[in-house]
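The next block holds one structure in the form of C-alpha cells; read it before the comments.
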Amino acid sequence: MPEDFGRDIGATERMVREWQEKAAEKAEKFGRMQQQIQQISATESSKDGAIQVTVGSGGMLEALQLSEAASSRPMAKLGAEIMRMVQAAQAKIPEMMQQAVADTVGLQDTAAQHVLGQARKYFPEPPEDEPEPERTSNLREMQVPMEDDYEEPQRRQPPAPPQRPAAPPREQPPRRPADDFDDDDFGSGSFLR
C-alpha cells in the first residue's frame, strides 16, 4: 500500500468530521431560527383604536379585540376593516422573519432565502387604505347667495273672508200620527216615514 493512502484516509476523516460539525452547527442555527419564527406575532389597530387584530407567524388570526365604538359601524364596513387590518398585520411577518433569519443562519443561506421568498409570496403588502367617503346623502344641496341688504318683508294681514248670510231655518214636515199607520199603503211615496 502506498504511503499516501494513510494520509488520504486521515484527510478524508477530517473532512467528514468538519462536514458533520458544520451540519450540526447549521442544524442548531436552523432550530433557533425556527423557534424565533414561531414566536413571531404582528398586531394592527384601527385609527380610532376600536379594532385590534393579532396574527401569528403563519398568518392565522390569534386575537381580535373590539371596543364598544366598533359596534356603531355597519357590519359590512366592520368586516372589511377587520380584513384590511389582518392583511396589514400579515404584511409585517416577512420583515420580522427576515430579522430572525439574519440573527440565526444569515441572509446568504439559500434555504433561508427560500423561506423568506415564500413568506413574501403569501403575505404581500396590503392594499392601500381606501379614503373615508364623505358622509353625504344622495340629495344635492342648493346654495343661495345671501345679499347684505336683505330686509325682512312686511307682513300684511290677509283679508278677512266674506261673511256668509245665515241660512234660514229649515221647516220640518209635519209628522203623521201613530194611529194613521197603514201597512199596505205604499202608494203615496216612501215606505220609510
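Chain identifiers are assigned as A, B, and so on, following the order in which chains appear in the C-alpha cells; residues are numbered from 1 within each chain, and ligands are numbered from 1 in order of appearance.
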
Open item on the list: If DSSP is run on the backbone, what residues of stretch 23-147 of chain A are alpha helix (DSSP H)? A reply as a ChimeraX atom specification would be ideal.
Closed with: /A:23-38,75-91,93-104,110-122

Keeping C-alpha atoms, export the residues of the selection given above as a compact mmCIF listing (two decimals), in the first residue's frame.
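Done, and the output landed in selection-v7.txt:
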```txt
# COMPACT_ATOMS: atom_id res chain seq x y z
CA ALA A 23 -24.06 20.29 9.64
CA ALA A 24 -24.65 20.16 13.41
CA GLU A 25 -23.91 23.87 13.71
CA LYS A 26 -26.23 24.65 10.80
CA ALA A 27 -28.98 22.43 12.27
CA GLU A 28 -28.63 24.24 15.59
CA LYS A 29 -28.89 27.65 13.83
CA PHE A 30 -31.96 26.50 11.88
CA GLY A 31 -33.51 25.23 15.10
CA ARG A 32 -33.03 28.66 16.71
CA MET A 33 -34.39 30.33 13.57
CA GLN A 34 -37.47 28.11 13.66
CA GLN A 35 -38.08 28.92 17.35
CA GLN A 36 -37.78 32.66 16.69
CA ILE A 37 -40.11 32.47 13.70
CA GLN A 38 -42.71 30.50 15.67
CA MET A 75 -71.46 45.20 9.73
CA ALA A 76 -70.12 45.25 6.16
CA LYS A 77 -67.75 48.10 7.00
CA LEU A 78 -66.64 46.42 10.23
CA GLY A 79 -65.88 43.17 8.41
CA ALA A 80 -63.91 45.00 5.71
CA GLU A 81 -61.89 46.91 8.32
CA ILE A 82 -61.04 43.71 10.19
CA MET A 83 -59.88 42.00 6.98
CA ARG A 84 -57.79 45.02 5.98
CA MET A 85 -56.10 45.03 9.41
CA VAL A 86 -55.43 41.27 9.23
CA GLN A 87 -53.74 41.82 5.86
CA ALA A 88 -51.70 44.73 7.25
CA ALA A 89 -50.56 42.60 10.20
CA GLN A 90 -49.69 39.69 7.88
CA ALA A 91 -47.62 42.05 5.70
CA ILE A 93 -44.43 38.99 9.02
CA PRO A 94 -41.82 38.74 6.20
CA GLU A 95 -39.80 41.61 7.67
CA MET A 96 -39.94 40.05 11.15
CA MET A 97 -38.91 36.70 9.65
CA GLN A 98 -36.03 38.34 7.83
CA GLN A 99 -34.75 39.68 11.15
CA ALA A 100 -34.97 36.17 12.69
CA VAL A 101 -33.08 34.71 9.71
CA ALA A 102 -30.38 37.41 9.92
CA ASP A 103 -29.94 36.76 13.66
CA THR A 104 -29.56 32.98 13.27
CA THR A 110 -30.22 29.62 0.17
CA ALA A 111 -32.73 27.66 2.28
CA ALA A 112 -33.38 30.77 4.39
CA GLN A 113 -33.82 32.85 1.22
CA HIS A 114 -36.43 30.35 0.04
CA VAL A 115 -38.30 30.63 3.37
CA LEU A 116 -38.31 34.45 3.09
CA GLY A 117 -39.43 34.32 -0.55
CA GLN A 118 -42.40 32.13 0.40
CA ALA A 119 -43.31 34.50 3.24
CA ARG A 120 -43.31 37.48 0.85
CA LYS A 121 -45.41 35.48 -1.62
CA TYR A 122 -48.07 34.56 0.95
```

Task: atom CA of A:Leu64 to atom CA of A:Ser41, straight-line distance in Å - done: 13.0 Å

TODO: Pick out the closest residue to A:Glu44 from this set: A:Glu62, A:Asp109, A:Asp8, A:Glu18. Count only C-alpha atoms.
DONE: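 The closest residue to A:Glu44 is A:Glu62.
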
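Distances here use only C-alpha atoms; by that measure, the residue among A:Pro74, A:Trp19, A:Lys92, A:Ile9 closest to A:Thr43 is A:Lys92.
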